[in-house]
Amino acid sequence: MESDISQSGTPAPARQHTWTLAAYCNMVRKRLGGRSFIDLKSIADKSWDIAPGETTVSPPAIYLPGQLERVTGWEGKRFYPYVHPGPTMRGGISMQQGPTRGYLFKDVWLVEGALYKGKASHWLSLKPRTFPTITVDREVDRAAIYCTQNGNTWFGTWLMEDCPTYALARNEGVPVTTAPSARFPLYPQVQAYEDWLEMRPLRLRSAFFRELVLFDDLSNNRSRHARYRAMGEKLLAHVAHASHPGVFLLRGSDGDLRLLRNELALAEHLSATRGFRIVNPLKCDVPTIVAACAGARVVMGVEGSQLVHGVNVLQPGGCLLTLQPPNRFVSYYKYLTDRDDQHFGFVVGTPEGDGFTIDIGEVERTLDLFPRHTV
């Protein structure tokens, strides 16, 4: 087997490892269904706390009376519960934020985006594209994988979750991701964000790792907060910025459909009455997006991945106002703004055809509920 990269970045000594059919059979069983699988993290050679957990109490969201009564459907996000968002929005919930943890393994195979050791596995893609090849011809002395299933699927999750974990990975070995830079065709800004965030991962689909580190980094503890804010400061360092009223990030009809029928009219109204900037992330490059969002006291738009462009650089004390489809209320950004000492508000729309509309007057009144210095 051909040698590849060591932890220090120099060629690793050539070693002969014979690829067996174990991982191939494991993947076939998983794709076809069958017996339960052993999670790779349960057989780690070593595990440790990188940062401690903590207990937090959630603040209430900002919203007008009667909004929650419009909600007809909702979604969770990984470990967030699939329950009505009312309790989360009302706040006062004591939440246990777990520790950030590391897991060390020896002699692990990466085959077409999935990790295998013995009978244990860990898949890094929700929808692997191919069956594995029989030959694995790359070897890494010590690697640290920071990508996740959800981050390899959704742009917003990649930028809000996988990118902060990169800071942990580079301290533990060669940072590895299984996704190519062009994996988000609707969001061509991935490469530019990696450049500005000084991310230089090794992109692999198959390899043999003599040592491999994985992470539990989903808890919104102080460590994750600090790493995310450090990302924002790196982005701000590339643009001139000063405080301004807000930015409206258009979603349009791309991605999972959340069609706000009066989106442009609402954005233009806020531009005229409150001085909001209007940004279409699908038609702008990263310097343009970051420059428009930097300094915004309010970030607004339909709940979705496009909001992350503004949340990245939203300062403590700033406001996020999400426009929620009544049949698909998502609480995800509430957890992030709680963590980062920001204010979260929302307006729920009313159905119209295959989309929904938002009352402009309700948006104005909700903005007036935010702390005065922010609007």
# chains A, B, ... in the order shown; residues from 1 in each chain; ligands from 1
$ residues_around --residues "Lys234 (chain A)" --least-positions-apart "3" --cutoff "7 Å" --atoms "only C-alpha atoms" --output "PyMOL selection string"
chain A and resi 196-197+230-231+237
$ write_last_selection --atoms "N, CA and C atoms" --output "PDB file, in the first residue's frame"
ATOM      1  N   TRP A 196     -10.804  32.264   4.072  1.00  0.00           N
ATOM      2  CA  TRP A 196     -10.851  33.332   5.073  1.00  0.00           C
ATOM      3  C   TRP A 196     -10.737  32.787   6.487  1.00  0.00           C
ATOM      4  N   LEU A 197     -11.202  31.553   6.710  1.00  0.00           N
ATOM      5  CA  LEU A 197     -11.125  30.956   8.043  1.00  0.00           C
ATOM      6  C   LEU A 197      -9.837  30.166   8.249  1.00  0.00           C
ATOM      7  N   ALA A 230     -14.570  33.293  17.468  1.00  0.00           N
ATOM      8  CA  ALA A 230     -13.259  33.487  16.840  1.00  0.00           C
ATOM      9  C   ALA A 230     -13.376  33.403  15.320  1.00  0.00           C
ATOM     10  N   MET A 231     -14.239  32.521  14.833  1.00  0.00           N
ATOM     11  CA  MET A 231     -14.502  32.463  13.395  1.00  0.00           C
ATOM     12  C   MET A 231     -15.041  33.789  12.883  1.00  0.00           C
ATOM     13  N   ALA A 237     -12.160  40.533  10.001  1.00  0.00           N
ATOM     14  CA  ALA A 237     -10.844  41.102   9.748  1.00  0.00           C
ATOM     15  C   ALA A 237     -10.601  41.364   8.263  1.00  0.00           C
TER      16      ALA A 237
END
$ residues_around --residues "His241 (chain A)" --least-positions-apart "3" --cutoff "8 Å" --atoms "only C-alpha atoms" --output "list in words"
Leu236, Ala291, Ala294 and Gly295 of chain A
$ select_by_dssp --residues "region 295-360 of chain A" --states "alpha helix (DSSP H)" --output "PyMOL selection string"
chain A and resi 308-311+332-339+360
$ write_last_selection --atoms "all heavy atoms" --output "compact mmCIF listing (two decimals), in the first residue's frame"
# COMPACT_ATOMS: atom_id res chain seq x y z
N VAL A 308 -27.08 31.95 8.07
CA VAL A 308 -25.80 31.76 8.75
C VAL A 308 -24.78 32.81 8.32
O VAL A 308 -23.89 33.18 9.09
CB VAL A 308 -25.27 30.33 8.50
CG1 VAL A 308 -24.88 30.13 7.05
CG2 VAL A 308 -24.08 30.04 9.40
N HIS A 309 -24.90 33.33 7.09
CA HIS A 309 -23.97 34.36 6.64
C HIS A 309 -23.99 35.57 7.58
O HIS A 309 -22.96 36.16 7.86
CB HIS A 309 -24.34 34.81 5.23
CG HIS A 309 -24.21 33.76 4.17
ND1 HIS A 309 -23.01 33.26 3.74
CD2 HIS A 309 -25.17 33.10 3.46
CE1 HIS A 309 -23.21 32.36 2.80
NE2 HIS A 309 -24.51 32.25 2.60
N GLY A 310 -25.18 35.92 8.05
CA GLY A 310 -25.30 37.05 8.96
C GLY A 310 -25.02 36.68 10.40
O GLY A 310 -24.40 37.46 11.14
N VAL A 311 -25.45 35.49 10.81
CA VAL A 311 -25.23 35.05 12.19
C VAL A 311 -23.74 34.91 12.47
O VAL A 311 -23.28 35.16 13.59
CB VAL A 311 -25.97 33.72 12.44
CG1 VAL A 311 -25.63 33.14 13.81
CG2 VAL A 311 -27.48 33.93 12.32
N TYR A 332 -33.80 25.90 15.72
CA TYR A 332 -32.35 25.72 15.77
C TYR A 332 -31.59 27.00 16.11
O TYR A 332 -30.72 27.01 16.98
CB TYR A 332 -31.86 25.15 14.44
CG TYR A 332 -30.38 24.94 14.36
CD1 TYR A 332 -29.76 23.96 15.14
CD2 TYR A 332 -29.58 25.70 13.51
CE1 TYR A 332 -28.39 23.75 15.07
CE2 TYR A 332 -28.22 25.49 13.44
CZ TYR A 332 -27.63 24.53 14.22
OH TYR A 332 -26.28 24.32 14.15
N TYR A 333 -31.90 28.10 15.43
CA TYR A 333 -31.14 29.34 15.66
C TYR A 333 -31.35 29.88 17.07
O TYR A 333 -30.49 30.62 17.58
CB TYR A 333 -31.53 30.40 14.64
CG TYR A 333 -30.88 30.19 13.28
CD1 TYR A 333 -31.61 29.73 12.20
CD2 TYR A 333 -29.53 30.47 13.08
CE1 TYR A 333 -31.03 29.56 10.95
CE2 TYR A 333 -28.94 30.29 11.85
CZ TYR A 333 -29.69 29.83 10.79
OH TYR A 333 -29.10 29.66 9.56
N LYS A 334 -32.44 29.54 17.70
CA LYS A 334 -32.67 29.99 19.08
C LYS A 334 -31.57 29.47 20.00
O LYS A 334 -31.08 30.19 20.88
CB LYS A 334 -34.04 29.52 19.56
CG LYS A 334 -34.36 29.77 21.05
CD LYS A 334 -34.55 31.23 21.35
CE LYS A 334 -35.27 31.49 22.67
NZ LYS A 334 -34.64 30.91 23.85
N TYR A 335 -31.17 28.22 19.81
CA TYR A 335 -30.12 27.65 20.65
C TYR A 335 -28.79 28.37 20.43
O TYR A 335 -28.00 28.55 21.38
CB TYR A 335 -29.96 26.16 20.35
CG TYR A 335 -31.21 25.36 20.64
CD1 TYR A 335 -32.08 25.00 19.62
CD2 TYR A 335 -31.54 24.98 21.94
CE1 TYR A 335 -33.23 24.28 19.87
CE2 TYR A 335 -32.69 24.26 22.21
CZ TYR A 335 -33.53 23.91 21.17
OH TYR A 335 -34.68 23.19 21.42
N LEU A 336 -28.51 28.77 19.20
CA LEU A 336 -27.25 29.46 18.92
C LEU A 336 -27.23 30.87 19.49
O LEU A 336 -26.23 31.31 20.06
CB LEU A 336 -27.00 29.50 17.41
CG LEU A 336 -26.92 28.16 16.69
CD1 LEU A 336 -26.45 28.37 15.25
CD2 LEU A 336 -26.00 27.19 17.40
N THR A 337 -28.32 31.60 19.31
CA THR A 337 -28.35 32.97 19.85
C THR A 337 -28.35 32.97 21.37
O THR A 337 -27.77 33.86 22.00
CB THR A 337 -29.56 33.74 19.30
OG1 THR A 337 -30.76 33.00 19.54
CG2 THR A 337 -29.41 33.99 17.81
N ASP A 338 -28.99 31.99 21.99
CA ASP A 338 -28.90 31.86 23.44
C ASP A 338 -27.45 31.68 23.87
O ASP A 338 -26.98 32.31 24.82
CB ASP A 338 -29.72 30.66 23.93
CG ASP A 338 -31.23 30.88 23.82
OD1 ASP A 338 -31.65 31.99 23.48
OD2 ASP A 338 -31.98 29.91 24.09
N ARG A 339 -26.74 30.81 23.17
CA ARG A 339 -25.34 30.54 23.49
C ARG A 339 -24.48 31.78 23.33
O ARG A 339 -23.56 32.03 24.12
CB ARG A 339 -24.82 29.43 22.56
CG ARG A 339 -23.36 29.06 22.75
CD ARG A 339 -22.85 28.26 21.57
NE ARG A 339 -22.74 29.09 20.37
CZ ARG A 339 -22.54 28.59 19.15
NH1 ARG A 339 -22.46 27.29 18.96
NH2 ARG A 339 -22.44 29.41 18.11
N ILE A 360 -46.30 42.58 7.09
CA ILE A 360 -45.25 43.58 7.27
C ILE A 360 -45.43 44.34 8.58
O ILE A 360 -44.46 44.64 9.28
CB ILE A 360 -45.23 44.54 6.07
CG1 ILE A 360 -44.75 43.79 4.81
CG2 ILE A 360 -44.33 45.75 6.35
CD1 ILE A 360 -44.77 44.63 3.55
$ residues_around --residues "region 202-210 of chain A" --least-positions-apart "6" --cutoff "8 Å" --atoms "only C-alpha atoms" --output "list of chain:residue names"
A:Lys106, A:Asp107, A:Val108, A:Trp109, A:Leu110, A:Val111, A:Glu112, A:Gly113, A:Val136, A:Asp137, A:Arg138, A:Glu139, A:Val140, A:Asp141, A:Arg142, A:Ala143, A:Val174, A:Pro175, A:Val176, A:Thr177, A:Thr178, A:Ala179, A:Pro180
$ write_last_selection --atoms "N, CA, C and O atoms" --output "CSV table (one decimal), in the first residue's frame"
chain,number,residue,atom,x,y,z
A,106,LYS,N,-7.1,3.5,17.0
A,106,LYS,CA,-5.9,3.1,16.3
A,106,LYS,C,-6.4,2.1,15.2
A,106,LYS,O,-7.3,1.3,15.3
A,107,ASP,N,-5.7,2.2,14.0
A,107,ASP,CA,-5.9,1.3,12.9
A,107,ASP,C,-7.4,1.3,12.4
A,107,ASP,O,-8.2,0.4,12.7
A,108,VAL,N,-7.8,2.4,11.8
A,108,VAL,CA,-9.1,2.6,11.3
A,108,VAL,C,-9.1,2.8,9.8
A,108,VAL,O,-8.3,3.5,9.3
A,109,TRP,N,-10.1,2.2,9.2
A,109,TRP,CA,-10.3,2.3,7.7
A,109,TRP,C,-11.3,3.4,7.4
A,109,TRP,O,-12.4,3.4,8.0
A,110,LEU,N,-11.0,4.2,6.4
A,110,LEU,CA,-12.0,5.1,5.8
A,110,LEU,C,-12.2,4.6,4.4
A,110,LEU,O,-11.3,4.5,3.6
A,111,VAL,N,-13.5,4.2,4.2
A,111,VAL,CA,-13.8,3.6,2.9
A,111,VAL,C,-15.1,4.3,2.3
A,111,VAL,O,-16.2,4.2,2.9
A,112,GLU,N,-14.9,5.1,1.3
A,112,GLU,CA,-15.9,5.8,0.6
A,112,GLU,C,-16.8,6.7,1.6
A,112,GLU,O,-18.0,6.6,1.6
A,113,GLY,N,-16.1,7.4,2.5
A,113,GLY,CA,-16.8,8.3,3.4
A,113,GLY,C,-17.3,7.6,4.7
A,113,GLY,O,-18.0,8.3,5.4
A,136,VAL,N,-7.4,0.4,-1.0
A,136,VAL,CA,-7.2,1.6,-0.2
A,136,VAL,C,-5.7,1.9,-0.2
A,136,VAL,O,-5.0,1.1,0.3
A,137,ASP,N,-5.3,3.0,-0.9
A,137,ASP,CA,-3.9,3.2,-1.1
A,137,ASP,C,-3.3,4.5,-0.5
A,137,ASP,O,-2.3,5.0,-0.9
A,138,ARG,N,-4.0,5.0,0.6
A,138,ARG,CA,-3.5,6.1,1.3
A,138,ARG,C,-3.4,5.8,2.8
A,138,ARG,O,-4.3,5.2,3.3
A,139,GLU,N,-2.4,6.3,3.4
A,139,GLU,CA,-2.2,6.1,4.8
A,139,GLU,C,-1.8,7.4,5.5
A,139,GLU,O,-1.0,8.2,5.0
A,140,VAL,N,-2.4,7.6,6.7
A,140,VAL,CA,-2.1,8.8,7.4
A,140,VAL,C,-1.7,8.4,8.9
A,140,VAL,O,-2.4,7.6,9.5
A,141,ASP,N,-0.6,8.9,9.3
A,141,ASP,CA,-0.1,8.6,10.7
A,141,ASP,C,-1.2,8.9,11.8
A,141,ASP,O,-1.5,8.1,12.6
A,142,ARG,N,-1.6,10.2,11.8
A,142,ARG,CA,-2.6,10.7,12.8
A,142,ARG,C,-3.4,11.7,12.1
A,142,ARG,O,-2.9,12.8,11.7
A,143,ALA,N,-4.7,11.4,12.1
A,143,ALA,CA,-5.7,12.4,11.5
A,143,ALA,C,-6.8,12.7,12.5
A,143,ALA,O,-7.0,12.0,13.5
A,174,VAL,N,-3.8,15.7,11.4
A,174,VAL,CA,-4.1,16.2,10.1
A,174,VAL,C,-5.6,16.4,10.0
A,174,VAL,O,-6.3,15.4,10.1
A,175,PRO,N,-6.1,17.6,9.8
A,175,PRO,CA,-7.6,17.8,9.7
A,175,PRO,C,-8.1,17.1,8.4
A,175,PRO,O,-7.6,17.5,7.3
A,176,VAL,N,-9.1,16.2,8.5
A,176,VAL,CA,-9.6,15.5,7.4
A,176,VAL,C,-11.1,15.7,7.2
A,176,VAL,O,-11.8,15.7,8.2
A,177,THR,N,-11.5,15.9,6.0
A,177,THR,CA,-12.9,15.9,5.7
A,177,THR,C,-13.2,15.0,4.5
A,177,THR,O,-12.3,14.8,3.7
A,178,THR,N,-14.4,14.4,4.5
A,178,THR,CA,-14.7,13.5,3.4
A,178,THR,C,-15.5,14.1,2.3
A,178,THR,O,-15.8,13.5,1.3
A,179,ALA,N,-15.7,15.4,2.4
A,179,ALA,CA,-16.5,16.1,1.4
A,179,ALA,C,-15.7,17.0,0.5
A,179,ALA,O,-14.8,17.7,1.0
A,180,PRO,N,-15.9,17.0,-0.8
A,180,PRO,CA,-15.2,17.9,-1.7
A,180,PRO,C,-15.7,19.3,-1.5
A,180,PRO,O,-16.8,19.6,-1.0
